[in-house]
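Shown below: structure.cif, with mmCIF, C-alpha atoms.
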```cif
data_structure
loop_
_atom_site.group_PDB
_atom_site.id
_atom_site.type_symbol
_atom_site.label_atom_id
_atom_site.label_comp_id
_atom_site.auth_asym_id
_atom_site.auth_seq_id
_atom_site.Cartn_x
_atom_site.Cartn_y
_atom_site.Cartn_z
ATOM 1 C CA GLN A 424 101.210 53.402 130.753
ATOM 2 C CA VAL A 425 103.708 54.958 133.133
ATOM 3 C CA GLN A 426 106.909 56.265 131.609
ATOM 4 C CA LEU A 427 110.089 56.758 133.610
ATOM 5 C CA VAL A 428 112.965 58.941 132.481
ATOM 6 C CA GLU A 429 116.325 58.746 134.249
ATOM 7 C CA SER A 430 119.078 61.327 134.168
ATOM 8 C CA GLY A 431 122.279 62.192 135.976
ATOM 9 C CA GLY A 432 124.620 59.438 134.875
ATOM 10 C CA GLY A 433 128.102 60.077 133.577
ATOM 11 C CA LEU A 434 131.807 59.627 134.128
ATOM 12 C CA VAL A 435 133.177 60.288 137.600
ATOM 13 C CA GLN A 436 136.468 59.608 139.331
ATOM 14 C CA PRO A 437 136.706 57.151 142.213
ATOM 15 C CA GLY A 438 135.612 58.834 145.414
ATOM 16 C CA GLY A 439 133.346 61.202 143.539
ATOM 17 C CA SER A 440 129.587 61.690 143.659
ATOM 18 C CA LEU A 441 126.650 61.599 141.295
ATOM 19 C CA ARG A 442 122.941 62.168 141.742
ATOM 20 C CA LEU A 443 120.537 60.214 139.600
ATOM 21 C CA SER A 444 116.969 61.362 139.018
ATOM 22 C CA CYS A 445 113.962 59.482 137.709
ATOM 23 C CA VAL A 446 110.823 61.356 136.724
ATOM 24 C CA ALA A 447 107.558 59.505 136.237
ATOM 25 C CA SER A 448 104.748 60.532 133.940
ATOM 26 C CA GLY A 449 101.473 61.243 135.688
ATOM 27 C CA SER A 450 100.839 61.438 139.414
ATOM 28 C CA ILE A 451 101.957 57.905 140.089
ATOM 29 C CA PHE A 452 103.886 58.841 143.207
ATOM 30 C CA SER A 453 100.681 59.939 144.921
ATOM 31 C CA THR A 454 99.682 56.273 144.967
ATOM 32 C CA ASN A 455 101.120 53.438 147.048
ATOM 33 C CA VAL A 456 104.054 52.616 144.783
ATOM 34 C CA ILE A 457 107.524 51.498 145.637
ATOM 35 C CA ALA A 458 110.341 53.240 143.744
ATOM 36 C CA GLY A 459 113.735 51.728 143.343
ATOM 37 C CA TRP A 460 117.057 51.723 141.575
ATOM 38 C CA TYR A 461 118.679 48.692 140.000
ATOM 39 C CA ARG A 462 121.987 48.365 138.215
ATOM 40 C CA GLN A 463 123.463 46.028 135.661
ATOM 41 C CA ALA A 464 127.128 45.752 134.825
ATOM 42 C CA PRO A 465 128.307 44.076 131.601
ATOM 43 C CA GLY A 466 127.941 40.323 131.826
ATOM 44 C CA LYS A 467 126.139 40.474 135.167
ATOM 45 C CA GLU A 468 122.558 40.271 136.353
ATOM 46 C CA ARG A 469 120.436 43.291 137.121
ATOM 47 C CA ASP A 470 120.485 43.779 140.885
ATOM 48 C CA LEU A 471 118.503 45.923 143.291
ATOM 49 C CA VAL A 472 120.530 48.810 144.659
ATOM 50 C CA ALA A 473 117.979 50.664 146.787
ATOM 51 C CA ARG A 474 114.255 51.125 147.116
ATOM 52 C CA ILE A 475 111.908 53.450 148.947
ATOM 53 C CA ALA A 476 108.285 52.932 149.874
ATOM 54 C CA ARG A 477 105.443 55.427 150.082
ATOM 55 C CA ASP A 478 106.103 55.859 153.819
ATOM 56 C CA ASP A 479 109.822 56.516 153.108
ATOM 57 C CA THR A 480 110.915 53.119 154.380
ATOM 58 C CA THR A 481 114.170 52.314 152.598
ATOM 59 C CA TYR A 482 116.273 49.299 151.732
ATOM 60 C CA TYR A 483 119.860 49.242 150.505
ATOM 61 C CA ALA A 484 122.052 46.536 149.094
ATOM 62 C CA SER A 485 124.936 45.834 151.435
ATOM 63 C CA SER A 486 127.435 46.948 148.811
ATOM 64 C CA VAL A 487 126.094 50.525 148.796
ATOM 65 C CA LYS A 488 124.859 50.975 152.362
ATOM 66 C CA GLY A 489 126.349 54.100 153.894
ATOM 67 C CA ARG A 490 127.371 55.518 150.518
ATOM 68 C CA PHE A 491 124.100 55.792 148.573
ATOM 69 C CA THR A 492 120.873 57.485 149.602
ATOM 70 C CA VAL A 493 117.504 56.977 147.931
ATOM 71 C CA SER A 494 114.785 59.597 148.299
ATOM 72 C CA ARG A 495 111.541 60.563 146.642
ATOM 73 C CA ASP A 496 109.594 63.755 146.029
ATOM 74 C CA ASN A 497 105.998 62.696 145.582
ATOM 75 C CA ALA A 498 104.898 66.160 144.498
ATOM 76 C CA LYS A 499 107.410 66.059 141.640
ATOM 77 C CA ASN A 500 106.865 62.359 140.840
ATOM 78 C CA THR A 501 110.599 61.901 141.152
ATOM 79 C CA VAL A 502 112.912 59.433 142.857
ATOM 80 C CA TYR A 503 116.577 60.209 143.427
ATOM 81 C CA LEU A 504 119.709 58.226 144.109
ATOM 82 C CA GLN A 505 122.551 60.175 145.685
ATOM 83 C CA MET A 506 125.754 58.226 145.199
ATOM 84 C CA ASN A 507 128.831 59.197 147.211
ATOM 85 C CA SER A 508 132.283 57.655 147.592
ATOM 86 C CA LEU A 509 131.874 55.962 144.234
ATOM 87 C CA LYS A 510 134.038 52.977 143.399
ATOM 88 C CA PRO A 511 134.954 51.445 140.033
ATOM 89 C CA GLU A 512 132.745 48.477 140.893
ATOM 90 C CA ASP A 513 129.759 50.833 140.989
ATOM 91 C CA SER A 514 130.072 51.251 137.217
ATOM 92 C CA ALA A 515 126.896 50.006 135.546
ATOM 93 C CA VAL A 516 123.727 51.015 133.792
ATOM 94 C CA TYR A 517 121.331 52.219 136.481
ATOM 95 C CA TYR A 518 117.628 51.637 136.015
ATOM 96 C CA CYS A 519 114.701 53.208 137.798
ATOM 97 C CA ARG A 520 111.720 51.019 138.617
ATOM 98 C CA VAL A 521 108.276 51.832 140.036
ATOM 99 C CA TRP A 522 105.908 49.086 141.080
ATOM 100 C CA ASN A 523 102.907 48.029 143.081
ATOM 101 C CA TYR A 524 100.292 45.275 142.758
ATOM 102 C CA GLY A 525 99.036 46.478 139.392
ATOM 103 C CA LEU A 526 102.082 48.215 137.979
ATOM 104 C CA ASP A 527 105.646 47.444 137.046
ATOM 105 C CA ALA A 528 107.437 50.137 135.050
ATOM 106 C CA TRP A 529 111.121 50.520 134.164
ATOM 107 C CA GLY A 530 113.163 53.397 132.842
ATOM 108 C CA GLN A 531 115.545 53.135 129.923
ATOM 109 C CA GLY A 532 118.667 53.302 132.085
ATOM 110 C CA THR A 533 121.483 55.757 132.612
ATOM 111 C CA LEU A 534 125.159 54.827 132.412
ATOM 112 C CA VAL A 535 127.452 55.454 135.367
ATOM 113 C CA THR A 536 131.180 54.994 134.832
ATOM 114 C CA VAL A 537 133.600 55.313 137.734
ATOM 115 C CA SER A 538 137.142 55.548 136.461
ATOM 116 C CA SER A 539 140.273 57.607 136.819
#
```

Representation of the structure as structure tokens:
Amino acid sequence: QVQLVESGGGLVQPGGSLRLSCVASGSIFSTNVIAGWYRQAPGKERDLVARIARDDTTYYASSVKGRFTVSRDNAKNTVYLQMNSLKPEDSAVYYCRVWNYGLDAWGQGTLVTVSS
């Protein structure tokens, strides 16, 4: 059973930056997994923010394109989400997810609050 642990959330002012990290147990990133970040605001659905494949192919939601960057360090079994130019509407619980054909693991979430 893969375990994912997120960190890096917190309170930041509009226009600020945060970097989220998600560390996976075991050497899961040496396999052909996709790693991604989702977010869920109160009363809303959980939506995909960004994902990155084993070959570093990325996808971004239109709302974060140009402001967020997803990356992965396979040697450290870690996926990152660099968030710049944060807006109040980016406030949510951010979840890490790792998946492939035989795996679907989620982290416990980390809260990001963008407010002045």

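Within 12 Å of the point (118.3, 44.8, 137.3), counting all atoms listed in the file, the protein and nucleic acid residues come to Gly459, Trp460, Tyr461, Arg462, Gln463, Ala464, Pro465, Gly466, Lys467, Glu468, Arg469, Asp470, Leu471, Val472, Ala473, Ala515, Val516, Tyr517, Tyr518, Cys519, Arg520, Trp529, Gly530, Gln531 and Gly532 of chain A.
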
Problem set entry | Pick from A:Thr501, A:Asp513, A:Arg477, A:Gly525 nearest to Glu429 in chain A, counting all atoms listed in the file | A:Thr501

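If only C-alpha atoms are the atoms counted, then among A:Leu509, A:Ala484, A:Leu534, A:Ala458 the closest residue to Asn497 in chain A is A:Ala458.
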
For this session: Write out as a PyMOL selection string each polymer residue whose atoms come within 10 Å of Phe452 in chain A, counting all atoms listed in the file; drop sequence neighbours fewer than 4 positions from it.
Result: chain A and resi 446-448+456-458+476-477+495-502+521

Exercise. From the list A:Val425, A:Gly432, A:Ser444, A:Gly438, which residue is nearest Thr533 in chain A when using all atoms listed in the file?
Worked result: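 Among the listed residues, A:Gly432 lies closest to Thr533 in chain A.
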
Using the chain letters and numbers from the file, give me the residues hit by the PyMOL selection byres ((chain A and resi 433) around 7), as a PDB file with C-alpha atoms, in the frame of the given file.
```
ATOM      1  CA  GLY A 431     122.279  62.192 135.976  1.00  0.00           C
ATOM      2  CA  GLY A 432     124.620  59.438 134.875  1.00  0.00           C
ATOM      3  CA  LEU A 434     131.807  59.627 134.128  1.00  0.00           C
ATOM      4  CA  VAL A 435     133.177  60.288 137.600  1.00  0.00           C
ATOM      5  CA  LEU A 534     125.159  54.827 132.412  1.00  0.00           C
ATOM      6  CA  VAL A 535     127.452  55.454 135.367  1.00  0.00           C
ATOM      7  CA  THR A 536     131.180  54.994 134.832  1.00  0.00           C
TER       8      THR A 536
END
```

For this session: Rank A:Ser430, A:Asn523, A:Ser485, A:Ser508 by their smallest atom-to-atom distance to Asn455 in chain A, using all atoms listed in the file, and report the top residue only.
Result: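 The answer is A:Asn523, which sits nearest to Asn455 in chain A.
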
Exercise. What gap, in Å, lies between CA of Gln505 in chain A and CA of Gln424 in chain A?
Worked result: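 Result for CA of Gln505 in chain A versus CA of Gln424 in chain A: 26.9 Å, one decimal.
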
Problem set entry | Shell around Phe491 in chain A at 7 Å using all atoms listed in the file, local window under 2 positions removed, as a PyMOL selection string | chain A and resi 487-489+493+504-507

For this session: Find the distance between CA of Leu441 in chain A and CA of Asp479 in chain A and write it in Å to one decimal.
Result: 21.2 Å

For this session: Between A:Pro511, A:Arg490, A:Gly449, A:Trp522, single out the one closest to Val537 in chain A, counting all atoms listed in the file.
Result: A:Pro511

For this session: Figure out the distance between CA of Thr480 in chain A and CA of Tyr524 in chain A, please, to one decimal in Å.
Result: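 Interatomic distance here is 17.6 Å.
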
Problem set entry | Nearest-residue call for Asp527 in chain A, choices A:Arg442, A:Tyr503, A:Ser450, A:Leu427, using all atoms listed in the file | A:Leu427

Find the smallest box with edges along x, y and z containing every listed atom of range 451-470 of chain A, then add 5 Å on each side and report centre and edge lengths in Å to one decimal, as JSON.
```
{"center_x": 114.0, "center_y": 50.1, "center_z": 139.3, "size_x": 38.6, "size_y": 29.7, "size_z": 25.4}
```

Take range 510-521 of chain A, model all heavy atoms, and hand the result over as a PDB file, in the coordinates of the input.
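Wrote out.pdb, looks like this:
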```
ATOM      1  N   LYS A 510     132.945  53.905 143.658  1.00  0.00           N
ATOM      2  CA  LYS A 510     134.038  52.977 143.399  1.00  0.00           C
ATOM      3  C   LYS A 510     133.930  52.466 141.962  1.00  0.00           C
ATOM      4  O   LYS A 510     132.840  52.458 141.382  1.00  0.00           O
ATOM      5  CB  LYS A 510     133.952  51.788 144.361  1.00  0.00           C
ATOM      6  CG  LYS A 510     133.905  52.158 145.828  1.00  0.00           C
ATOM      7  CD  LYS A 510     133.686  50.921 146.689  1.00  0.00           C
ATOM      8  CE  LYS A 510     133.609  51.280 148.173  1.00  0.00           C
ATOM      9  NZ  LYS A 510     133.382  50.073 149.008  1.00  0.00           N
ATOM     10  N   PRO A 511     135.026  51.998 141.398  1.00  0.00           N
ATOM     11  CA  PRO A 511     134.954  51.445 140.033  1.00  0.00           C
ATOM     12  C   PRO A 511     133.911  50.335 139.906  1.00  0.00           C
ATOM     13  O   PRO A 511     133.264  50.229 138.859  1.00  0.00           O
ATOM     14  CB  PRO A 511     136.378  50.921 139.802  1.00  0.00           C
ATOM     15  CG  PRO A 511     137.233  51.823 140.632  1.00  0.00           C
ATOM     16  CD  PRO A 511     136.416  52.088 141.876  1.00  0.00           C
ATOM     17  N   GLU A 512     133.732  49.566 140.947  1.00  0.00           N
ATOM     18  CA  GLU A 512     132.745  48.477 140.893  1.00  0.00           C
ATOM     19  C   GLU A 512     131.300  48.967 140.918  1.00  0.00           C
ATOM     20  O   GLU A 512     130.375  48.166 140.748  1.00  0.00           O
ATOM     21  CB  GLU A 512     132.975  47.478 142.034  1.00  0.00           C
ATOM     22  CG  GLU A 512     133.059  48.092 143.410  1.00  0.00           C
ATOM     23  CD  GLU A 512     134.500  48.320 143.852  1.00  0.00           C
ATOM     24  OE1 GLU A 512     135.318  48.782 143.020  1.00  0.00           O
ATOM     25  OE2 GLU A 512     134.789  48.046 145.043  1.00  0.00           O
ATOM     26  N   ASP A 513     131.095  50.262 141.098  1.00  0.00           N
ATOM     27  CA  ASP A 513     129.759  50.833 140.989  1.00  0.00           C
ATOM     28  C   ASP A 513     129.381  51.129 139.536  1.00  0.00           C
ATOM     29  O   ASP A 513     128.239  51.489 139.243  1.00  0.00           O
ATOM     30  CB  ASP A 513     129.654  52.135 141.790  1.00  0.00           C
ATOM     31  CG  ASP A 513     129.782  51.924 143.285  1.00  0.00           C
ATOM     32  OD1 ASP A 513     129.200  50.950 143.804  1.00  0.00           O
ATOM     33  OD2 ASP A 513     130.467  52.732 143.942  1.00  0.00           O
ATOM     34  N   SER A 514     130.327  50.986 138.635  1.00  0.00           N
ATOM     35  CA  SER A 514     130.072  51.251 137.217  1.00  0.00           C
ATOM     36  C   SER A 514     129.024  50.274 136.686  1.00  0.00           C
ATOM     37  O   SER A 514     129.158  49.058 136.848  1.00  0.00           O
ATOM     38  CB  SER A 514     131.362  51.117 136.408  1.00  0.00           C
ATOM     39  OG  SER A 514     132.321  52.072 136.812  1.00  0.00           O
ATOM     40  N   ALA A 515     127.998  50.821 136.058  1.00  0.00           N
ATOM     41  CA  ALA A 515     126.896  50.006 135.546  1.00  0.00           C
ATOM     42  C   ALA A 515     125.880  50.914 134.872  1.00  0.00           C
ATOM     43  O   ALA A 515     125.974  52.141 134.972  1.00  0.00           O
ATOM     44  CB  ALA A 515     126.224  49.227 136.677  1.00  0.00           C
ATOM     45  N   VAL A 516     124.917  50.281 134.222  1.00  0.00           N
ATOM     46  CA  VAL A 516     123.727  51.015 133.792  1.00  0.00           C
ATOM     47  C   VAL A 516     122.748  50.959 134.960  1.00  0.00           C
ATOM     48  O   VAL A 516     122.447  49.876 135.473  1.00  0.00           O
ATOM     49  CB  VAL A 516     123.106  50.414 132.528  1.00  0.00           C
ATOM     50  CG1 VAL A 516     121.827  51.163 132.164  1.00  0.00           C
ATOM     51  CG2 VAL A 516     124.103  50.464 131.374  1.00  0.00           C
ATOM     52  N   TYR A 517     122.263  52.112 135.363  1.00  0.00           N
ATOM     53  CA  TYR A 517     121.331  52.219 136.481  1.00  0.00           C
ATOM     54  C   TYR A 517     119.923  52.421 135.943  1.00  0.00           C
ATOM     55  O   TYR A 517     119.684  53.289 135.097  1.00  0.00           O
ATOM     56  CB  TYR A 517     121.733  53.376 137.395  1.00  0.00           C
ATOM     57  CG  TYR A 517     122.913  53.038 138.278  1.00  0.00           C
ATOM     58  CD1 TYR A 517     124.189  52.894 137.741  1.00  0.00           C
ATOM     59  CD2 TYR A 517     122.749  52.827 139.648  1.00  0.00           C
ATOM     60  CE1 TYR A 517     125.272  52.562 138.545  1.00  0.00           C
ATOM     61  CE2 TYR A 517     123.815  52.497 140.465  1.00  0.00           C
ATOM     62  CZ  TYR A 517     125.078  52.364 139.905  1.00  0.00           C
ATOM     63  OH  TYR A 517     126.150  52.033 140.702  1.00  0.00           O
ATOM     64  N   TYR A 518     119.012  51.607 136.457  1.00  0.00           N
ATOM     65  CA  TYR A 518     117.628  51.637 136.015  1.00  0.00           C
ATOM     66  C   TYR A 518     116.714  52.027 137.170  1.00  0.00           C
ATOM     67  O   TYR A 518     116.874  51.532 138.296  1.00  0.00           O
ATOM     68  CB  TYR A 518     117.190  50.263 135.502  1.00  0.00           C
ATOM     69  CG  TYR A 518     117.924  49.783 134.292  1.00  0.00           C
ATOM     70  CD1 TYR A 518     119.085  49.027 134.425  1.00  0.00           C
ATOM     71  CD2 TYR A 518     117.452  50.062 133.011  1.00  0.00           C
ATOM     72  CE1 TYR A 518     119.765  48.561 133.305  1.00  0.00           C
ATOM     73  CE2 TYR A 518     118.126  49.602 131.894  1.00  0.00           C
ATOM     74  CZ  TYR A 518     119.281  48.860 132.047  1.00  0.00           C
ATOM     75  OH  TYR A 518     119.940  48.408 130.933  1.00  0.00           O
ATOM     76  N   CYS A 519     115.757  52.847 136.862  1.00  0.00           N
ATOM     77  CA  CYS A 519     114.701  53.208 137.798  1.00  0.00           C
ATOM     78  C   CYS A 519     113.529  52.245 137.588  1.00  0.00           C
ATOM     79  O   CYS A 519     113.234  51.853 136.462  1.00  0.00           O
ATOM     80  CB  CYS A 519     114.279  54.651 137.530  1.00  0.00           C
ATOM     81  SG  CYS A 519     112.855  55.219 138.441  1.00  0.00           S
ATOM     82  N   ARG A 520     112.893  51.878 138.686  1.00  0.00           N
ATOM     83  CA  ARG A 520     111.720  51.019 138.617  1.00  0.00           C
ATOM     84  C   ARG A 520     110.681  51.527 139.600  1.00  0.00           C
ATOM     85  O   ARG A 520     111.008  51.941 140.710  1.00  0.00           O
ATOM     86  CB  ARG A 520     112.088  49.573 138.960  1.00  0.00           C
ATOM     87  CG  ARG A 520     110.914  48.602 138.899  1.00  0.00           C
ATOM     88  CD  ARG A 520     111.296  47.253 139.486  1.00  0.00           C
ATOM     89  NE  ARG A 520     110.205  46.281 139.392  1.00  0.00           N
ATOM     90  CZ  ARG A 520     110.137  45.161 140.095  1.00  0.00           C
ATOM     91  NH1 ARG A 520     111.118  44.836 140.931  1.00  0.00           N
ATOM     92  NH2 ARG A 520     109.113  44.336 139.949  1.00  0.00           N
ATOM     93  N   VAL A 521     109.407  51.472 139.174  1.00  0.00           N
ATOM     94  CA  VAL A 521     108.276  51.832 140.036  1.00  0.00           C
ATOM     95  C   VAL A 521     107.277  50.692 139.961  1.00  0.00           C
ATOM     96  O   VAL A 521     106.924  50.259 138.866  1.00  0.00           O
ATOM     97  CB  VAL A 521     107.639  53.159 139.588  1.00  0.00           C
ATOM     98  CG1 VAL A 521     106.383  53.433 140.388  1.00  0.00           C
ATOM     99  CG2 VAL A 521     108.619  54.308 139.755  1.00  0.00           C
TER     100      VAL A 521
END
```
